[in-house]
Structure formats: C-alpha cells, structure tokens
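Structure file work.cif (mmCIF, C-alpha atoms) is printed below.
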data_upload
#
loop_
_atom_site.group_PDB
_atom_site.id
_atom_site.type_symbol
_atom_site.label_atom_id
_atom_site.label_comp_id
_atom_site.auth_asym_id
_atom_site.auth_seq_id
_atom_site.Cartn_x
_atom_site.Cartn_y
_atom_site.Cartn_z
ATOM 1 C CA MET F 1 12.060 0.984 8.859
ATOM 2 C CA ALA F 2 14.569 -1.709 9.808
ATOM 3 C CA ALA F 3 16.337 0.722 12.153
ATOM 4 C CA GLY F 4 13.090 1.578 13.942
ATOM 5 C CA LEU F 5 12.045 -2.043 14.301
ATOM 6 C CA SER F 6 15.495 -3.090 15.500
ATOM 7 C CA ALA F 7 15.616 -0.309 18.093
ATOM 8 C CA ARG F 8 12.119 -1.188 19.236
ATOM 9 C CA TYR F 9 12.451 -4.946 19.613
ATOM 10 C CA VAL F 10 16.119 -5.982 19.510
ATOM 11 C CA LYS F 11 17.461 -3.187 21.725
ATOM 12 C CA GLY F 12 14.252 -2.689 23.707
ATOM 13 C CA TRP F 13 14.140 1.063 23.033
ATOM 14 C CA LYS F 14 10.384 1.284 22.465
ATOM 15 C CA ARG F 15 10.068 5.078 22.299
ATOM 16 C CA LEU F 16 13.115 5.620 20.105
ATOM 17 C CA GLY F 17 12.025 2.812 17.786
ATOM 18 C CA GLY F 18 8.523 4.266 17.580
ATOM 19 C CA GLY F 19 9.967 7.697 16.807
ATOM 20 C CA ILE F 20 12.113 6.300 14.021
ATOM 21 C CA LEU F 21 9.080 4.490 12.585
ATOM 22 C CA LEU F 22 7.144 7.772 12.630
ATOM 23 C CA CYS F 23 9.874 9.258 10.420
ATOM 24 C CA VAL F 24 9.339 6.697 7.644
ATOM 25 C CA PRO F 25 6.606 8.768 5.920
ATOM 26 C CA LEU F 26 8.914 11.794 6.064
ATOM 27 C CA LEU F 27 11.325 9.948 3.783
ATOM 28 C CA ASP F 28 8.594 9.782 1.152
ATOM 29 C CA ILE F 29 8.047 13.531 1.385
ATOM 30 C CA VAL F 30 11.808 14.070 1.110
ATOM 31 C CA LEU F 31 11.814 11.869 -2.018
ATOM 32 C CA LEU F 32 9.047 13.922 -3.622
ATOM 33 C CA ALA F 33 10.724 17.194 -2.612
ATOM 34 C CA ALA F 34 14.022 16.037 -4.119
ATOM 35 C CA THR F 35 12.194 15.142 -7.325
ATOM 36 C CA VAL F 36 10.513 18.543 -7.513
ATOM 37 C CA ILE F 37 13.788 20.349 -6.781
ATOM 38 C CA SER F 38 15.539 18.305 -9.454
ATOM 39 C CA LEU F 39 12.855 19.188 -11.997
ATOM 40 C CA ARG F 40 12.828 22.844 -10.930
ATOM 41 C CA ASP F 41 16.564 23.056 -11.453
ATOM 42 C CA GLY F 42 16.095 21.959 -15.059
ATOM 43 C CA ALA F 43 16.978 18.282 -14.900
ATOM 44 C CA GLU F 44 15.867 16.261 -17.891
ATOM 45 C CA VAL F 45 12.549 14.589 -17.096
ATOM 46 C CA THR F 46 12.858 10.806 -16.860
ATOM 47 C CA VAL F 47 10.570 7.929 -16.017
ATOM 48 C CA TRP F 48 12.255 7.793 -12.605
ATOM 49 C CA HIS F 49 10.808 11.164 -11.674
ATOM 50 C CA GLY F 50 7.358 9.679 -12.198
ATOM 51 C CA LEU F 51 8.229 6.725 -9.997
ATOM 52 C CA SER F 52 8.442 9.014 -6.970
ATOM 53 C CA ALA F 53 4.843 10.168 -7.554
ATOM 54 C CA ALA F 54 3.606 6.585 -7.974
ATOM 55 C CA TYR F 55 5.508 5.497 -4.873
ATOM 56 C CA LEU F 56 4.078 8.321 -2.776
ATOM 57 C CA GLY F 57 0.531 7.444 -3.869
ATOM 58 C CA PHE F 58 0.966 3.878 -2.685
ATOM 59 C CA THR F 59 2.552 5.043 0.554
ATOM 60 C CA VAL F 60 -0.439 7.271 1.286
ATOM 61 C CA ALA F 61 -2.859 4.382 0.758
ATOM 62 C CA PHE F 62 -0.907 1.400 2.094
ATOM 63 C CA GLY F 63 1.981 2.798 4.165
ATOM 64 C CA HIS F 64 0.291 2.583 7.560
ATOM 65 C CA ASP F 65 -0.817 -1.017 7.027
ATOM 66 C CA THR F 66 2.616 -1.990 5.724
ATOM 67 C CA LEU F 67 4.318 -0.518 8.793
ATOM 68 C CA ARG F 68 1.808 -2.215 11.116
ATOM 69 C CA TRP F 69 2.323 -5.558 9.345
ATOM 70 C CA ALA F 70 6.134 -5.269 9.606
ATOM 71 C CA ASP F 71 5.858 -4.195 13.252
ATOM 72 C CA GLU F 72 3.724 -7.242 14.082
ATOM 73 C CA LYS F 73 6.019 -9.687 12.244
ATOM 74 C CA PHE F 74 9.170 -8.224 13.756
ATOM 75 C CA GLY F 75 7.564 -8.035 17.200
ATOM 76 C CA ARG F 76 6.565 -11.696 17.072
ATOM 77 C CA ARG F 77 10.018 -12.758 15.947
ATOM 78 C CA PHE F 78 12.133 -10.605 18.265
ATOM 79 C CA GLY F 79 9.876 -9.120 20.924
ATOM 80 C CA GLY F 80 7.572 -11.913 22.030
ATOM 81 C CA VAL F 81 4.459 -10.075 20.824
ATOM 82 C CA PRO F 82 1.490 -12.470 20.553
ATOM 83 C CA GLU F 83 0.007 -13.202 17.150
ATOM 84 C CA ARG F 84 -3.204 -11.377 16.243
ATOM 85 C CA PRO F 85 -6.192 -13.449 15.189
ATOM 86 C CA ARG F 86 -6.437 -13.983 11.457
ATOM 87 C CA PRO F 87 -9.130 -12.104 9.553
ATOM 88 C CA VAL F 88 -12.243 -13.881 8.354
ATOM 89 C CA LEU F 89 -11.551 -15.264 4.886
ATOM 90 C CA TYR F 90 -15.042 -16.199 3.764
ATOM 91 C CA GLY F 91 -18.524 -14.820 3.322
ATOM 92 C CA ARG F 92 -19.591 -11.203 3.609
ATOM 93 C CA ALA F 93 -16.596 -10.212 5.734
ATOM 94 C CA ARG F 94 -14.229 -11.358 2.993
ATOM 95 C CA VAL F 95 -16.171 -9.535 0.294
ATOM 96 C CA LEU F 96 -16.044 -6.299 2.310
ATOM 97 C CA ARG F 97 -12.334 -6.770 3.010
ATOM 98 C CA GLU F 98 -11.500 -7.237 -0.680
ATOM 99 C CA TRP F 99 -13.532 -4.191 -1.764
ATOM 100 C CA ARG F 100 -11.931 -2.040 0.956
ATOM 101 C CA SER F 101 -8.542 -3.134 -0.293
ATOM 102 C CA TRP F 102 -9.472 -2.213 -3.853
ATOM 103 C CA LEU F 103 -10.785 1.187 -2.724
ATOM 104 C CA ARG F 104 -7.430 1.812 -1.062
ATOM 105 C CA PHE F 105 -5.773 0.962 -4.350
ATOM 106 C CA LEU F 106 -8.114 3.448 -6.010
ATOM 107 C CA LEU F 107 -6.911 6.043 -3.488
ATOM 108 C CA ALA F 108 -3.282 5.219 -4.317
ATOM 109 C CA TYR F 109 -4.100 5.538 -8.011
ATOM 110 C CA GLY F 110 -5.816 8.898 -7.510
ATOM 111 C CA VAL F 111 -2.972 10.371 -5.446
ATOM 112 C CA SER F 112 -0.360 9.089 -7.908
ATOM 113 C CA CYS F 113 -2.233 10.466 -10.926
ATOM 114 C CA ALA F 114 -2.766 13.836 -9.254
ATOM 115 C CA LEU F 115 0.944 14.079 -8.448
ATOM 116 C CA LEU F 116 1.916 13.033 -11.980
ATOM 117 C CA VAL F 117 -0.384 15.602 -13.566
ATOM 118 C CA GLY F 118 0.813 18.253 -11.122
ATOM 119 C CA MET F 119 4.442 17.478 -11.870
ATOM 120 C CA THR F 120 3.716 17.599 -15.616
ATOM 121 C CA TRP F 121 2.165 21.029 -15.193
ATOM 122 C CA PHE F 122 5.113 22.062 -12.995
ATOM 123 C CA VAL F 123 7.688 21.235 -15.686
ATOM 124 C CA GLY F 124 5.808 23.182 -18.334
ATOM 125 C CA GLY F 125 3.321 20.841 -19.941
ATOM 126 C CA THR F 126 3.215 17.657 -21.942
ATOM 127 C CA GLU F 127 6.121 18.544 -24.250
ATOM 128 C CA ARG F 128 8.586 18.277 -21.396
ATOM 129 C CA GLY F 129 6.584 16.077 -19.009
ATOM 130 C CA ALA F 130 5.388 13.308 -21.334
ATOM 131 C CA LEU F 131 7.564 10.736 -19.566
ATOM 132 C CA LEU F 132 5.812 11.556 -16.307
ATOM 133 C CA LEU F 133 2.435 10.864 -17.873
ATOM 134 C CA ALA F 134 3.757 7.537 -19.194
ATOM 135 C CA TRP F 135 3.133 6.218 -15.658
ATOM 136 C CA LEU F 136 -0.622 6.604 -16.171
ATOM 137 C CA ASN F 137 -0.659 3.599 -18.502
ATOM 138 C CA PRO F 138 0.718 0.931 -16.117
ATOM 139 C CA LEU F 139 -1.077 2.423 -13.127
ATOM 140 C CA THR F 140 -4.405 2.311 -14.961
ATOM 141 C CA LYS F 141 -3.802 -1.270 -16.108
ATOM 142 C CA ILE F 142 -2.996 -2.356 -12.557
ATOM 143 C CA LEU F 143 -6.124 -0.606 -11.268
ATOM 144 C CA ILE F 144 -8.310 -2.406 -13.820
ATOM 145 C CA TYR F 145 -6.647 -5.801 -13.305
ATOM 146 C CA SER F 146 -6.885 -5.474 -9.544
ATOM 147 C CA LEU F 147 -10.642 -5.091 -9.898
ATOM 148 C CA ILE F 148 -10.911 -8.716 -11.025
ATOM 149 C CA TRP F 149 -10.297 -10.203 -7.574
ATOM 150 C CA PRO F 150 -12.998 -8.308 -5.625
ATOM 151 C CA VAL F 151 -15.486 -9.169 -8.372
ATOM 152 C CA ILE F 152 -14.578 -12.876 -8.158
ATOM 153 C CA VAL F 153 -14.833 -12.835 -4.364
ATOM 154 C CA THR F 154 -18.207 -11.074 -4.597
ATOM 155 C CA ILE F 155 -19.498 -13.815 -6.895
ATOM 156 C CA ARG F 156 -17.935 -16.661 -4.878
ATOM 157 C CA PRO F 157 -17.254 -15.469 -1.316
ATOM 158 C CA GLY F 158 -16.445 -18.924 0.008
ATOM 159 C CA GLN F 159 -17.812 -20.778 2.997
ATOM 160 C CA ALA F 160 -16.849 -21.166 6.599
ATOM 161 C CA PRO F 161 -14.520 -24.084 7.318
ATOM 162 C CA ALA F 162 -16.372 -27.341 8.060
ATOM 163 C CA GLU F 163 -15.665 -27.144 11.797
ATOM 164 C CA GLU F 164 -17.354 -23.713 11.972
ATOM 165 C CA ARG F 165 -20.499 -24.581 9.960
ATOM 166 C CA PRO F 166 -23.658 -25.525 11.834
ATOM 167 C CA LEU F 167 -24.699 -29.151 11.555
ATOM 168 C CA THR F 168 -27.735 -29.681 9.361
ATOM 169 C CA GLY F 169 -29.454 -32.707 7.932
ATOM 170 C CA ASN F 170 -30.841 -35.924 9.299
ATOM 171 C CA ALA F 171 -28.719 -36.690 12.287
#

How would this structure read if it were set down as structure tokens?
Amino acid sequence: MAAGLSARYVKGWKRLGGGILLCVPLLDIVLLAATVISLRDGAEVTVWHGLSAAYLGFTVAFGHDTLRWADEKFGRRFGGVPERPRPVLYGRARVLREWRSWLRFLLAYGVSCALLVGMTWFVGGTERGALLLAWLNPLTKILIYSLIWPVIVTIRPGQAPAEERPLTGNA
C-alpha cells in the first residue's frame, strides 16, 4: 500500500500508483492460497493458518474503506488533496452509520467463519483442524462486544452542536 501511495502522491505517477493500490487485495488472495497450499502439502495446522482466514474476512468487509482512508490521508499530506467534510456524528445519521459499521463487521465475521470451516473440512475434519476452529472463539467475542456501541448510540444518539441547533425559547 505504501508503494502505491508513494508512487501516486510523492512521485506524481497517478496511474501507476492506482494500479499498485489495485493489487493490494491480490496480496490477500495470495496469502490465502499460500495457506491452502501449505495445508495441502501436509504442514502441521497452526493457529497462524487460521489468521489468514480471519484477515481475509476483514479485508473483504473493510479493505476498500481502509484503502480510501489511507489514500485521503496520504493525499492531504503529500498531494495537496482537500479534506473531505466530516460525517455527521449525532442523531439518526450517527445511528445508521454505527449500525452499518456493525453489519460490515458481521460480514467480516461471516466470511472469516466460512473460510475457517472450509479450511477445517479441507484438512480432514476437526481432528486435524481444531486449531483453525479456535479462531471462532475470539471472533465471536469481538462480534458480540462490538454490538455494544451501536446499541448505546441507538439509545443516546447525541445532539447537534449548539451552533447548529435552532434557537427556541423566550427570546
């Protein structure tokens, strides 16, 4: 990612930098392929094999936004790109934003779990793939804990800053 951003903004090679950034998701596929090849060739299953599945799940759900965020930050610092307006952080818009974020986490969780179960099946079942399924525990805990914030924001969405609220009362 750093190479793509540097080519794009430091060197001014917009197309080359964009092309390199498009290759970032390919690295995740290469990681998963290397994991599968390693397991196919009879490598002992470790917790690290499961990490590749968890990582790919999060990349599917959050990779695009992460790249866009890094592109904006790098572009502002090195390329003179103007800052985007900040998102609304109160009221209904905030509630919707937090629930969308949690649903993306749910997507990451689903993809990760599917890959973990698939890899467990691939290596011959739970006798050999138990360490892969060990990732289900922390991923499930994170999914449940991450649900707390959208619920809190739904209950208390916050108010507009004082300068944005309409004047009411006896003036």

Item to complete: Point out the residue among F:Gly19, F:Pro150, F:Pro25, F:Gly12 with the least atom-to-atom distance to Arg92 in chain F, counting all atoms listed in the file.
Response: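 Of all the options, F:Pro150 lies closest to Arg92 in chain F.
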
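A straight line drawn from CA of Arg77 in chain F to CA of Lys11 in chain F is 13.4 Å long.
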
Discussion item. When the PyMOL selection byres ((chain F and resi 95-97) around 12) is applied to the structure above, which residues does it catch, written out as a VMD selection string?
Written reply: chain F and resid 87 to 94 98 to 104 149 to 159

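What separates CA of Trp135 in chain F from CA of Leu51 in chain F is a distance of 7.6 Å.
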
Discussion item. Between F:Thr59, F:Thr140, F:Ser146, F:Thr126, which residue has the minimum interatomic distance to Val24 in chain F, considering all atoms listed in the file?
Written reply: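 Of the candidates, the smallest distance to Val24 in chain F is held by F:Thr59.
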
Practice prompt. Quick one: apply the PyMOL selection byres ((chain F and resi 106) around 12) to the file and drop the selected residues here as an NGL selection string.
Written response: :F and (57-58 or 60-62 or 99-105 or 107-113 or 139-147)

Worksheet, complete the sentence: In terms of all atoms listed in the file, the residue from F:Val30, F:Leu16, F:Val36, F:Ala160 at minimal distance from Trp121 in chain F is F:Val36

Using all atoms listed in the file, give me every residue within 10 Å of (11.3, 6.6, -16.4) in file coordinates, as a CSV table (one decimal) with C-alpha atoms, keeping the file's coordinate frame.
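To be explicit, this is the file written out as point_30.csv:
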chain,number,residue,atom,x,y,z
F,45,VAL,CA,12.5,14.6,-17.1
F,46,THR,CA,12.9,10.8,-16.9
F,47,VAL,CA,10.6,7.9,-16.0
F,48,TRP,CA,12.3,7.8,-12.6
F,49,HIS,CA,10.8,11.2,-11.7
F,50,GLY,CA,7.4,9.7,-12.2
F,51,LEU,CA,8.2,6.7,-10.0
F,131,LEU,CA,7.6,10.7,-19.6
F,132,LEU,CA,5.8,11.6,-16.3
F,133,LEU,CA,2.4,10.9,-17.9
F,134,ALA,CA,3.8,7.5,-19.2
F,135,TRP,CA,3.1,6.2,-15.7

Item to complete: For Glu83 in chain F, list every protein, DNA or RNA residue within 10 Å, evaluated using only C-alpha atoms, and leave out those in the same chain fewer than 6 positions away; present the list as a ChimeraX atom specification.
Response: /F:72-73,75-76

Fill in: Shell of 12 Å around Ala43 in chain F, all atoms listed in the file, local chain residues under 5 positions omitted, as a VMD selection string
chain F and resid 34 to 38 48 to 49 123 128 to 129

Discussion item. I'd like the contact shell of Gly124 in chain F - 12 Å cut-off, all atoms listed in the file, skipping same-chain residues fewer than 6 positions apart - returned as a PyMOL selection string.
Written reply: chain F and resi 39-40+42+45+117-118+130+132

Worksheet item: Mind pulling up the distance from CA of Val10 in chain F to CA of Gly79 in chain F?
Response: 7.1 Å

Item to complete: Determine, counting only C-alpha atoms, which protein, DNA and RNA residues have an atom within 10 Å of an atom of Ala2 in chain F; residues of the same chain fewer than 5 positions away are not included. Present the result as a ChimeraX atom specification.
Response: /F:7-8,17,20-21,70-71,74
